[in-house]
$ cat upload28.cif   # mmCIF, C-alpha atoms and all ligand atoms
data_entry
loop_
_atom_site.group_PDB
_atom_site.id
_atom_site.type_symbol
_atom_site.label_atom_id
_atom_site.label_comp_id
_atom_site.auth_asym_id
_atom_site.auth_seq_id
_atom_site.Cartn_x
_atom_site.Cartn_y
_atom_site.Cartn_z
ATOM 1 C CA MET A 1 -67.303 51.782 42.824
ATOM 2 C CA LYS A 2 -67.712 48.359 44.353
ATOM 3 C CA THR A 3 -68.248 46.924 47.811
ATOM 4 C CA LEU A 4 -66.306 43.878 48.979
ATOM 5 C CA THR A 5 -68.296 41.630 51.287
ATOM 6 C CA VAL A 6 -66.742 38.745 53.187
ATOM 7 C CA ASP A 7 -69.544 36.724 54.725
ATOM 8 C CA SER A 8 -68.881 33.974 57.293
ATOM 9 C CA VAL A 9 -65.781 32.778 55.462
ATOM 10 C CA THR A 10 -63.866 29.718 56.634
ATOM 11 C CA VAL A 11 -60.648 28.810 54.813
ATOM 12 C CA ALA A 12 -58.746 25.551 55.253
ATOM 13 C CA TYR A 13 -55.684 24.241 53.422
ATOM 14 C CA GLU A 14 -56.267 20.853 55.058
ATOM 15 C CA ARG A 15 -59.699 19.417 55.735
ATOM 16 C CA ASP A 16 -60.955 20.049 59.265
ATOM 17 C CA HIS A 17 -58.014 22.375 60.061
ATOM 18 C CA PRO A 18 -59.274 25.839 59.162
ATOM 19 C CA VAL A 19 -56.763 28.683 59.144
ATOM 20 C CA LEU A 20 -59.615 31.218 59.315
ATOM 21 C CA ARG A 21 -63.026 30.614 60.866
ATOM 22 C CA ASP A 22 -66.224 32.466 60.195
ATOM 23 C CA VAL A 23 -64.698 35.772 59.082
ATOM 24 C CA SER A 24 -67.105 38.557 58.118
ATOM 25 C CA VAL A 25 -66.236 42.082 57.055
ATOM 26 C CA ILE A 26 -67.495 44.665 54.568
ATOM 27 C CA VAL A 27 -65.172 47.102 52.779
ATOM 28 C CA SER A 28 -67.041 49.977 51.135
ATOM 29 C CA PRO A 29 -65.826 52.084 48.225
ATOM 30 C CA GLY A 30 -63.507 54.773 49.549
ATOM 31 C CA GLN A 31 -62.453 52.812 52.632
ATOM 32 C CA ILE A 32 -59.106 51.304 53.632
ATOM 33 C CA LEU A 33 -59.257 48.259 55.881
ATOM 34 C CA ALA A 34 -56.046 47.192 57.636
ATOM 35 C CA VAL A 35 -55.664 43.440 58.199
ATOM 36 C CA THR A 36 -53.286 42.838 61.100
ATOM 37 C CA GLY A 37 -52.152 39.930 63.233
ATOM 38 C CA PRO A 38 -49.008 37.974 64.014
ATOM 39 C CA SER A 39 -47.009 36.060 61.415
ATOM 40 C CA GLY A 40 -48.998 33.009 60.360
ATOM 41 C CA ALA A 41 -52.312 34.484 61.554
ATOM 42 C CA GLY A 42 -53.823 34.207 58.077
ATOM 43 C CA LYS A 43 -53.498 37.681 56.547
ATOM 44 C CA THR A 44 -52.278 36.408 53.176
ATOM 45 C CA THR A 45 -54.854 33.614 53.306
ATOM 46 C CA LEU A 46 -57.667 36.145 53.776
ATOM 47 C CA LEU A 47 -56.401 38.346 50.927
ATOM 48 C CA TRP A 48 -56.122 35.314 48.641
ATOM 49 C CA ALA A 49 -59.714 34.381 49.449
ATOM 50 C CA MET A 50 -60.735 38.002 48.726
ATOM 51 C CA ALA A 51 -58.839 37.787 45.408
ATOM 52 C CA GLY A 52 -60.672 34.623 44.326
ATOM 53 C CA LEU A 53 -57.459 32.570 44.522
ATOM 54 C CA LEU A 54 -58.608 30.375 47.410
ATOM 55 C CA LYS A 55 -62.089 28.923 47.570
ATOM 56 C CA PRO A 56 -63.588 29.189 51.072
ATOM 57 C CA ALA A 57 -64.654 25.916 52.696
ATOM 58 C CA ALA A 58 -67.723 27.846 53.873
ATOM 59 C CA GLY A 59 -69.105 31.330 53.350
ATOM 60 C CA THR A 60 -68.678 33.711 50.430
ATOM 61 C CA VAL A 61 -66.598 36.595 49.172
ATOM 62 C CA ALA A 62 -68.720 38.893 47.038
ATOM 63 C CA VAL A 63 -68.126 42.007 44.990
ATOM 64 C CA ASP A 64 -71.295 44.074 44.930
ATOM 65 C CA SER A 65 -73.255 41.028 46.124
ATOM 66 C CA THR A 66 -71.999 38.787 43.288
ATOM 67 C CA PRO A 67 -70.153 35.854 44.927
ATOM 68 C CA LEU A 68 -66.711 35.333 43.394
ATOM 69 C CA ARG A 69 -66.356 32.028 41.574
ATOM 70 C CA ASP A 70 -62.617 32.025 40.960
ATOM 71 C CA ARG A 71 -59.660 34.274 40.119
ATOM 72 C CA ASP A 72 -60.780 34.913 36.520
ATOM 73 C CA HIS A 73 -64.128 36.124 37.814
ATOM 74 C CA ALA A 74 -62.383 38.323 40.397
ATOM 75 C CA VAL A 75 -60.161 39.839 37.674
ATOM 76 C CA ALA A 76 -63.269 40.577 35.590
ATOM 77 C CA GLU A 77 -64.743 42.340 38.662
ATOM 78 C CA LYS A 78 -61.515 44.394 38.851
ATOM 79 C CA VAL A 79 -60.169 42.858 42.045
ATOM 80 C CA VAL A 80 -56.431 43.670 41.976
ATOM 81 C CA LEU A 81 -53.970 41.826 44.221
ATOM 82 C CA ILE A 82 -50.510 43.244 44.963
ATOM 83 C CA PRO A 83 -48.925 40.074 46.332
ATOM 84 C CA GLN A 84 -46.479 39.788 49.214
ATOM 85 C CA ASP A 85 -43.764 38.199 47.051
ATOM 86 C CA ASN A 86 -44.315 40.899 44.333
ATOM 87 C CA GLY A 87 -45.172 38.351 41.598
ATOM 88 C CA LEU A 88 -43.041 40.134 38.986
ATOM 89 C CA ALA A 89 -41.341 38.429 36.040
ATOM 90 C CA ALA A 90 -37.625 38.782 36.880
ATOM 91 C CA ILE A 91 -36.404 38.751 33.270
ATOM 92 C CA LEU A 92 -38.716 41.532 32.076
ATOM 93 C CA THR A 93 -38.093 45.213 32.733
ATOM 94 C CA ALA A 94 -40.127 47.177 35.268
ATOM 95 C CA GLN A 95 -42.204 48.784 32.524
ATOM 96 C CA GLU A 96 -42.696 45.534 30.591
ATOM 97 C CA ASN A 97 -44.109 43.921 33.744
ATOM 98 C CA ILE A 98 -46.719 46.648 34.038
ATOM 99 C CA GLN A 99 -47.568 46.839 30.339
ATOM 100 C CA VAL A 100 -47.978 43.069 30.023
ATOM 101 C CA ALA A 101 -50.382 43.051 32.981
ATOM 102 C CA MET A 102 -52.392 45.933 31.549
ATOM 103 C CA ILE A 103 -52.624 44.488 28.041
ATOM 104 C CA ALA A 104 -53.624 41.112 29.532
ATOM 105 C CA GLY A 105 -56.354 43.033 31.367
ATOM 106 C CA GLY A 106 -57.696 44.426 28.085
ATOM 107 C CA SER A 107 -55.970 47.843 27.836
ATOM 108 C CA ALA A 108 -54.932 49.175 24.429
ATOM 109 C CA PRO A 109 -51.114 49.221 24.055
ATOM 110 C CA ALA A 110 -50.954 53.050 23.862
ATOM 111 C CA ASP A 111 -53.039 53.401 27.055
ATOM 112 C CA ALA A 112 -50.894 50.776 28.777
ATOM 113 C CA ARG A 113 -47.728 52.694 27.847
ATOM 114 C CA ARG A 114 -49.122 55.977 29.191
ATOM 115 C CA ALA A 115 -50.415 54.488 32.437
ATOM 116 C CA THR A 116 -47.130 52.617 32.958
ATOM 117 C CA VAL A 117 -45.040 55.784 32.705
ATOM 118 C CA SER A 118 -47.323 57.645 35.077
ATOM 119 C CA SER A 119 -47.535 54.895 37.692
ATOM 120 C CA LEU A 120 -43.746 54.329 37.712
ATOM 121 C CA GLU A 121 -43.366 58.090 38.234
ATOM 122 C CA ARG A 122 -45.815 58.008 41.143
ATOM 123 C CA LEU A 123 -43.592 55.424 42.834
ATOM 124 C CA GLY A 124 -40.399 57.365 42.121
ATOM 125 C CA LEU A 125 -39.216 54.761 39.599
ATOM 126 C CA ALA A 126 -39.083 56.762 36.353
ATOM 127 C CA GLY A 127 -35.325 56.087 36.165
ATOM 128 C CA GLN A 128 -35.794 52.315 36.573
ATOM 129 C CA ALA A 129 -38.384 51.783 33.807
ATOM 130 C CA ASP A 130 -35.965 49.987 31.464
ATOM 131 C CA GLN A 131 -34.141 47.986 34.111
ATOM 132 C CA LEU A 132 -34.689 44.262 34.433
ATOM 133 C CA VAL A 133 -36.575 43.398 37.621
ATOM 134 C CA GLU A 134 -33.791 41.007 38.641
ATOM 135 C CA GLU A 135 -31.411 43.993 38.650
ATOM 136 C CA LEU A 136 -33.622 46.069 40.980
ATOM 137 C CA SER A 137 -33.255 46.189 44.761
ATOM 138 C CA GLY A 138 -35.866 44.444 46.915
ATOM 139 C CA GLY A 139 -37.515 47.769 47.726
ATOM 140 C CA GLN A 140 -37.522 48.844 44.065
ATOM 141 C CA GLN A 141 -39.130 45.517 43.112
ATOM 142 C CA GLN A 142 -41.764 46.023 45.792
ATOM 143 C CA ARG A 143 -42.480 49.525 44.450
ATOM 144 C CA THR A 144 -42.685 48.162 40.875
ATOM 145 C CA ALA A 145 -45.311 45.663 42.036
ATOM 146 C CA ILE A 146 -47.250 48.511 43.663
ATOM 147 C CA ALA A 147 -46.934 50.591 40.462
ATOM 148 C CA ARG A 148 -48.370 47.648 38.514
ATOM 149 C CA GLY A 149 -51.224 47.260 41.002
ATOM 150 C CA LEU A 150 -52.103 50.964 40.807
ATOM 151 C CA ALA A 151 -51.893 51.021 36.993
ATOM 152 C CA LEU A 152 -54.549 48.277 36.883
ATOM 153 C CA HIS A 153 -57.016 50.722 38.445
ATOM 154 C CA GLY A 154 -58.849 48.188 40.600
ATOM 155 C CA ALA A 155 -62.327 48.578 42.026
ATOM 156 C CA VAL A 156 -60.975 46.477 44.902
ATOM 157 C CA VAL A 157 -57.259 46.783 45.712
ATOM 158 C CA LEU A 158 -55.685 44.131 47.949
ATOM 159 C CA ALA A 159 -52.172 45.062 49.127
ATOM 160 C CA ASP A 160 -50.330 42.277 50.954
ATOM 161 C CA GLU A 161 -47.475 43.555 53.177
ATOM 162 C CA VAL A 162 -46.395 45.866 50.377
ATOM 163 C CA THR A 163 -44.231 48.129 52.552
ATOM 164 C CA SER A 164 -42.121 45.480 54.317
ATOM 165 C CA GLU A 165 -38.932 46.291 52.375
ATOM 166 C CA LEU A 166 -39.326 50.054 52.154
ATOM 167 C CA ASP A 167 -37.651 52.876 54.069
ATOM 168 C CA SER A 168 -39.858 55.207 56.071
ATOM 169 C CA THR A 169 -40.123 57.850 53.296
ATOM 170 C CA ASN A 170 -41.324 55.274 50.777
ATOM 171 C CA ARG A 171 -43.611 53.627 53.358
ATOM 172 C CA GLN A 172 -45.267 56.980 53.921
ATOM 173 C CA LYS A 173 -45.509 57.566 50.155
ATOM 174 C CA VAL A 174 -47.153 54.174 49.575
ATOM 175 C CA MET A 175 -49.622 54.826 52.380
ATOM 176 C CA GLU A 176 -50.565 58.096 50.660
ATOM 177 C CA LEU A 177 -50.981 56.287 47.327
ATOM 178 C CA LEU A 178 -53.295 53.710 48.922
ATOM 179 C CA GLN A 179 -55.291 56.575 50.422
ATOM 180 C CA GLU A 180 -55.518 58.098 46.922
ATOM 181 C CA GLU A 181 -56.824 54.776 45.619
ATOM 182 C CA ALA A 182 -59.548 54.939 48.270
ATOM 183 C CA ARG A 183 -60.320 58.570 47.385
ATOM 184 C CA ARG A 184 -60.947 57.637 43.752
ATOM 185 C CA GLY A 185 -63.488 55.118 45.065
ATOM 186 C CA ALA A 186 -61.628 51.825 45.419
ATOM 187 C CA ALA A 187 -62.286 49.485 48.346
ATOM 188 C CA VAL A 188 -58.759 48.954 49.691
ATOM 189 C CA VAL A 189 -57.461 46.174 51.953
ATOM 190 C CA PHE A 190 -53.947 46.449 53.357
ATOM 191 C CA ALA A 191 -52.355 43.545 55.246
ATOM 192 C CA THR A 192 -49.588 44.889 57.453
ATOM 193 C CA HIS A 193 -47.397 44.203 60.479
ATOM 194 C CA ASP A 194 -46.782 47.907 60.933
ATOM 195 C CA PRO A 195 -48.976 49.453 63.688
ATOM 196 C CA GLU A 196 -48.356 52.958 62.311
ATOM 197 C CA ALA A 197 -49.607 51.926 58.863
ATOM 198 C CA ALA A 198 -52.623 50.196 60.421
ATOM 199 C CA ALA A 199 -53.425 53.351 62.397
ATOM 200 C CA ALA A 200 -53.498 55.343 59.130
ATOM 201 C CA CYS A 201 -56.275 53.061 57.772
ATOM 202 C CA ASP A 202 -59.986 53.692 58.329
ATOM 203 C CA ARG A 203 -60.631 50.370 60.040
ATOM 204 C CA GLU A 204 -58.658 47.411 61.352
ATOM 205 C CA LEU A 205 -59.452 43.709 61.289
ATOM 206 C CA HIS A 206 -57.189 41.794 63.649
ATOM 207 C CA LEU A 207 -56.568 38.090 63.051
ATOM 208 C CA SER A 208 -55.506 35.780 65.830
ATOM 209 C CA ASP A 209 -55.915 32.011 66.237
ATOM 210 C CA GLY A 210 -58.125 31.848 63.183
ATOM 211 C CA ILE A 211 -60.601 34.381 64.557
ATOM 212 C CA ALA A 212 -61.072 37.847 63.086
ATOM 213 C CA GLN A 213 -62.052 40.791 65.210
ATOM 214 C CA LEU A 214 -62.842 44.284 64.009
ATOM 215 C CA VAL A 215 -60.891 46.437 66.468
ATOM 216 C CA ARG A 216 -61.774 49.762 64.826
HETATM 217 N N1 LIG A 301 -50.281 26.591 50.803
HETATM 218 C C1 LIG A 301 -50.424 26.304 52.097
HETATM 219 N N2 LIG A 301 -50.638 25.040 52.513
HETATM 220 C C2 LIG A 301 -50.816 24.741 53.821
HETATM 221 N N3 LIG A 301 -50.791 25.665 54.808
HETATM 222 C C3 LIG A 301 -50.576 26.925 54.458
HETATM 223 C C4 LIG A 301 -50.378 27.323 53.100
HETATM 224 N N4 LIG A 301 -50.208 28.673 53.064
HETATM 225 C C5 LIG A 301 -50.278 29.094 54.345
HETATM 226 N N5 LIG A 301 -50.493 28.055 55.185
HETATM 227 C C6 LIG A 301 -50.661 28.147 56.651
HETATM 228 O O1 LIG A 301 -51.749 29.006 56.932
HETATM 229 C C7 LIG A 301 -51.468 29.829 58.067
HETATM 230 C C8 LIG A 301 -51.649 31.286 57.689
HETATM 231 O O2 LIG A 301 -50.638 31.670 56.747
HETATM 232 P P1 LIG A 301 -50.640 33.107 56.072
HETATM 233 O O3 LIG A 301 -49.514 33.126 55.084
HETATM 234 O O4 LIG A 301 -51.993 33.422 55.582
HETATM 235 O O5 LIG A 301 -50.293 34.041 57.323
HETATM 236 P P2 LIG A 301 -49.843 35.572 57.390
HETATM 237 O O6 LIG A 301 -50.635 36.192 58.504
HETATM 238 O O7 LIG A 301 -49.979 36.202 56.045
HETATM 239 O O8 LIG A 301 -48.331 35.456 57.790
HETATM 240 P P3 LIG A 301 -47.070 36.438 57.513
HETATM 241 O O9 LIG A 301 -47.339 37.674 58.320
HETATM 242 O O10 LIG A 301 -45.909 35.654 58.049
HETATM 243 O O11 LIG A 301 -47.009 36.681 56.039
HETATM 244 C C9 LIG A 301 -50.051 29.464 58.527
HETATM 245 O O12 LIG A 301 -50.161 28.557 59.593
HETATM 246 C C10 LIG A 301 -49.447 28.808 57.315
HETATM 247 O O13 LIG A 301 -48.498 27.833 57.702
#
$ encode --input "upload28.cif" --output "structure tokens"
Amino acid sequence: MKTLTVDSVTVAYERDHPVLRDVSVIVSPGQILAVTGPSGAGKTTLLWAMAGLLKPAAGTVAVDSTPLRDRDHAVAEKVVLIPQDNGLAAILTAQENIQVAMIAGGSAPADARRATVSSLERLGLAGQADQLVEELSGGQQQRTAIARGLALHGAVVLADEVTSELDSTNRQKVMELLQEEARRGAAVVFATHDPEAAAACDRELHLSDGIAQLVR
């Protein structure tokens, strides 16, 4: 169980042109925070900073009060990112993608196999386990990326627009799975355009013009 603390974070891709200014928020174990805001508002940027992929120009992102140094450190602290573009290897199968990630994260091969089967089942993808990712539909790829993220059993789970290509039944299912992640004690952050999905989260951080406001 870990707490994610974003403290006065400013992120800039170009010097003196911050995309996010002075953002602070705390996500406790068991909570789901929605990150909302229009396209280009900085949702992905904030999740990348939370994942240790982008170094803030000012401020800190900390897991249990240890400031994150970089992505390797974040991975060691069990910060899992389910990226917007799914990040899957197209020429591996759905199950290979998950197993490779788990073994890279230190799991024994037998454990990785077991967890892969169960997480593909949770996403309704048992029948797609041996299919190459490039042969899956966009929605099936998105669900494979979610299955991989869940299999990694993060202490912090960052889900970036992970329901954008899903039908309403699967959107609902994924929302329930994120809620289950929170129930097992993860601190969950969910960037979304979908007001219904945001309403199902415990809290909502709205981004606009580089400023973050906690609206719930
Ligand atoms: N690698 C980059 N280099 C320079 N600017 C970038 C880079 N990535 C994003 N930006 C800019 O940062 C701003 C925030 O982008 P970001 O992708 O975080 O927004 P978003 O809220 O996730 O958008 P969307 O909802 O469309 O995914 C945008 O103005 C974007 O053009």
$ closest_atom_pairs --input "upload28.cif" --of "chain A" --to "ligand LIG 301 (chain A)" --cutoff "8 Å" --atoms "only C-alpha atoms and all ligand atoms" --output "JSON lines"
{"residue": "A:Ala12", "atom": "CA", "partner": "A:LIG301", "partner_atom": "N3", "distance": 8.0}
{"residue": "A:Tyr13", "atom": "CA", "partner": "A:LIG301", "partner_atom": "C2", "distance": 4.9}
{"residue": "A:Glu14", "atom": "CA", "partner": "A:LIG301", "partner_atom": "C2", "distance": 6.8}
{"residue": "A:Val19", "atom": "CA", "partner": "A:LIG301", "partner_atom": "O1", "distance": 5.5}
{"residue": "A:Thr36", "atom": "CA", "partner": "A:LIG301", "partner_atom": "O6", "distance": 7.6}
{"residue": "A:Gly37", "atom": "CA", "partner": "A:LIG301", "partner_atom": "O6", "distance": 6.2}
{"residue": "A:Pro38", "atom": "CA", "partner": "A:LIG301", "partner_atom": "O9", "distance": 5.9}
{"residue": "A:Ser39", "atom": "CA", "partner": "A:LIG301", "partner_atom": "O9", "distance": 3.5}
{"residue": "A:Gly40", "atom": "CA", "partner": "A:LIG301", "partner_atom": "O5", "distance": 3.5}
{"residue": "A:Ala41", "atom": "CA", "partner": "A:LIG301", "partner_atom": "O6", "distance": 3.9}
{"residue": "A:Gly42", "atom": "CA", "partner": "A:LIG301", "partner_atom": "O4", "distance": 3.2}
{"residue": "A:Lys43", "atom": "CA", "partner": "A:LIG301", "partner_atom": "O6", "distance": 3.8}
{"residue": "A:Thr44", "atom": "CA", "partner": "A:LIG301", "partner_atom": "O7", "distance": 3.7}
{"residue": "A:Thr45", "atom": "CA", "partner": "A:LIG301", "partner_atom": "O4", "distance": 3.7}
{"residue": "A:Leu46", "atom": "CA", "partner": "A:LIG301", "partner_atom": "O4", "distance": 6.5}
{"residue": "A:Gln84", "atom": "CA", "partner": "A:LIG301", "partner_atom": "O11", "distance": 7.5}
{"residue": "A:Asp160", "atom": "CA", "partner": "A:LIG301", "partner_atom": "O7", "distance": 7.9}
{"residue": "A:Glu161", "atom": "CA", "partner": "A:LIG301", "partner_atom": "O11", "distance": 7.5}
{"residue": "A:Ala191", "atom": "CA", "partner": "A:LIG301", "partner_atom": "O7", "distance": 7.8}
{"residue": "A:Thr192", "atom": "CA", "partner": "A:LIG301", "partner_atom": "O9", "distance": 7.6}
{"residue": "A:His193", "atom": "CA", "partner": "A:LIG301", "partner_atom": "O9", "distance": 6.9}
{"residue": "A:Leu207", "atom": "CA", "partner": "A:LIG301", "partner_atom": "O6", "distance": 7.7}
$ closest_residue --input "upload28.cif" --among "A:Thr10, A:Ser107, A:Ser164, A:Gln31" --to "Leu178 in chain A" --atoms "all atoms listed in the file"
A:Gln31
$ atom_distance --input "upload28.cif" --atom1 "CA of Pro56 in chain A" --atom2 "CA of Ala151 in chain A"
28.5 Å
$ closest_residue --input "upload28.cif" --among "A:Ala90, A:Leu54, A:Ala200, A:Ala145" --to "Val162 in chain A" --atoms "all atoms listed in the file"
A:Ala145
$ resolve_selection --input "upload28.cif" --expression "the PyMOL selection byres (((chain A and resi 117-120) around 12) and not hetatm)" --output "MDAnalysis selection string"
chainID A and resid 93:99 102 110:116 121:130 140:153 174 177
$ write_last_selection --input "upload28.cif" --atoms "C-alpha atoms" --output "compact mmCIF listing (two decimals), in the frame of the given file"
# COMPACT_ATOMS: atom_id res chain seq x y z
CA THR A 93 -38.09 45.21 32.73
CA ALA A 94 -40.13 47.18 35.27
CA GLN A 95 -42.20 48.78 32.52
CA GLU A 96 -42.70 45.53 30.59
CA ASN A 97 -44.11 43.92 33.74
CA ILE A 98 -46.72 46.65 34.04
CA GLN A 99 -47.57 46.84 30.34
CA MET A 102 -52.39 45.93 31.55
CA ALA A 110 -50.95 53.05 23.86
CA ASP A 111 -53.04 53.40 27.06
CA ALA A 112 -50.89 50.78 28.78
CA ARG A 113 -47.73 52.69 27.85
CA ARG A 114 -49.12 55.98 29.19
CA ALA A 115 -50.42 54.49 32.44
CA THR A 116 -47.13 52.62 32.96
CA GLU A 121 -43.37 58.09 38.23
CA ARG A 122 -45.82 58.01 41.14
CA LEU A 123 -43.59 55.42 42.83
CA GLY A 124 -40.40 57.36 42.12
CA LEU A 125 -39.22 54.76 39.60
CA ALA A 126 -39.08 56.76 36.35
CA GLY A 127 -35.33 56.09 36.16
CA GLN A 128 -35.79 52.32 36.57
CA ALA A 129 -38.38 51.78 33.81
CA ASP A 130 -35.97 49.99 31.46
CA GLN A 140 -37.52 48.84 44.06
CA GLN A 141 -39.13 45.52 43.11
CA GLN A 142 -41.76 46.02 45.79
CA ARG A 143 -42.48 49.52 44.45
CA THR A 144 -42.68 48.16 40.88
CA ALA A 145 -45.31 45.66 42.04
CA ILE A 146 -47.25 48.51 43.66
CA ALA A 147 -46.93 50.59 40.46
CA ARG A 148 -48.37 47.65 38.51
CA GLY A 149 -51.22 47.26 41.00
CA LEU A 150 -52.10 50.96 40.81
CA ALA A 151 -51.89 51.02 36.99
CA LEU A 152 -54.55 48.28 36.88
CA HIS A 153 -57.02 50.72 38.44
CA VAL A 174 -47.15 54.17 49.58
CA LEU A 177 -50.98 56.29 47.33
$ resolve_selection --input "upload28.cif" --expression "the PyMOL selection byres (((chain A and resi 4) around 9) and not hetatm)" --output "PyMOL selection string"
chain A and resi 2-3+5-6+25-29+50+61-65+156+187
$ resolve_selection --input "upload28.cif" --expression "the PyMOL selection byres (((chain A and resi 57) around 9) and not hetatm)" --output "list in words"
Val9, Thr10, Val11, Ala12, Arg15, Pro18, Lys55, Pro56, Ala58 and Gly59 of chain A
$ closest_residue --input "upload28.cif" --among "A:Met1, A:Ala108, A:Ala74, A:Ala101" --to "Ala49 in chain A" --atoms "only C-alpha atoms"
A:Ala74
$ residues_around --input "upload28.cif" --residues "Ala198 in chain A" --least-positions-apart "3" --cutoff "12 Å" --atoms "all atoms listed in the file" --output "ChimeraX atom specification"
/A:32-37,161,163,171-172,175,189-195,201-206,215-216
$ atom_distance --input "upload28.cif" --atom1 "CA of Arg69 in chain A" --atom2 "CA of Pro109 in chain A"
28.9 Å
$ closest_residue --input "upload28.cif" --among "A:Leu158, A:Leu214, A:Leu68, A:Ala182" --to "Val80 in chain A" --atoms "all atoms listed in the file"
A:Leu158
$ atom_distance --input "upload28.cif" --atom1 "CA of Thr169 in chain A" --atom2 "CA of Leu136 in chain A"
18.2 Å
$ axis_aligned_box --input "upload28.cif" --around "range 106-115 of chain A" --padding-each-side "5 Å" --output "AutoDock Vina command-line options"
--center_x -52.7 --center_y 50.2 --center_z 28.1 --size_x 20.0 --size_y 21.6 --size_z 18.6
$ closest_residue --input "upload28.cif" --among "A:Val133, A:Leu47, A:Asp22, A:Asp7" --to "Pro67 in chain A" --atoms "only C-alpha atoms"
A:Asp7
$ closest_residue --input "upload28.cif" --among "A:Ile211, A:Leu88, A:Val75, A:Leu166" --to "Val100 in chain A" --atoms "only C-alpha atoms"
A:Leu88
$ build_atoms --input "upload28.cif" --residues "range 173-192 of chain A" --atoms "N, CA and C atoms" --output "tab-separated table (two decimals), keeping the file's coordinate frame"
chain	number	residue	atom	x	y	z
A	173	LYS	N	-45.05	57.28	51.52
A	173	LYS	CA	-45.51	57.57	50.16
A	173	LYS	C	-46.55	56.51	49.71
A	174	VAL	N	-46.24	55.25	49.99
A	174	VAL	CA	-47.15	54.17	49.58
A	174	VAL	C	-48.47	54.28	50.33
A	175	MET	N	-48.40	54.64	51.61
A	175	MET	CA	-49.62	54.83	52.38
A	175	MET	C	-50.48	55.91	51.73
A	176	GLU	N	-49.82	57.01	51.31
A	176	GLU	CA	-50.56	58.10	50.66
A	176	GLU	C	-51.18	57.62	49.34
A	177	LEU	N	-50.45	56.79	48.61
A	177	LEU	CA	-50.98	56.29	47.33
A	177	LEU	C	-52.19	55.38	47.56
A	178	LEU	N	-52.13	54.57	48.62
A	178	LEU	CA	-53.30	53.71	48.92
A	178	LEU	C	-54.49	54.58	49.32
A	179	GLN	N	-54.20	55.66	50.05
A	179	GLN	CA	-55.29	56.58	50.42
A	179	GLN	C	-55.88	57.24	49.17
A	180	GLU	N	-55.01	57.54	48.19
A	180	GLU	CA	-55.52	58.10	46.92
A	180	GLU	C	-56.40	57.09	46.19
A	181	GLU	N	-55.99	55.82	46.24
A	181	GLU	CA	-56.82	54.78	45.62
A	181	GLU	C	-58.22	54.79	46.25
A	182	ALA	N	-58.25	54.90	47.58
A	182	ALA	CA	-59.55	54.94	48.27
A	182	ALA	C	-60.33	56.19	47.85
A	183	ARG	N	-59.62	57.32	47.75
A	183	ARG	CA	-60.32	58.57	47.38
A	183	ARG	C	-60.95	58.50	46.00
A	184	ARG	N	-60.32	57.73	45.08
A	184	ARG	CA	-60.95	57.64	43.75
A	184	ARG	C	-62.08	56.60	43.76
A	185	GLY	N	-62.31	55.97	44.92
A	185	GLY	CA	-63.49	55.12	45.06
A	185	GLY	C	-63.21	53.64	45.21
A	186	ALA	N	-61.93	53.25	45.25
A	186	ALA	CA	-61.63	51.82	45.42
A	186	ALA	C	-61.90	51.38	46.86
A	187	ALA	N	-62.25	50.12	47.02
A	187	ALA	CA	-62.29	49.48	48.35
A	187	ALA	C	-60.90	48.87	48.52
A	188	VAL	N	-60.17	49.33	49.55
A	188	VAL	CA	-58.76	48.95	49.69
A	188	VAL	C	-58.57	48.10	50.95
A	189	VAL	N	-57.80	47.02	50.81
A	189	VAL	CA	-57.46	46.17	51.95
A	189	VAL	C	-55.94	46.10	52.02
A	190	PHE	N	-55.40	46.36	53.20
A	190	PHE	CA	-53.95	46.45	53.36
A	190	PHE	C	-53.52	45.56	54.52
A	191	ALA	N	-52.90	44.42	54.20
A	191	ALA	CA	-52.36	43.54	55.25
A	191	ALA	C	-51.02	44.10	55.68
A	192	THR	N	-50.84	44.28	56.98
A	192	THR	CA	-49.59	44.89	57.45
A	192	THR	C	-49.24	44.46	58.88
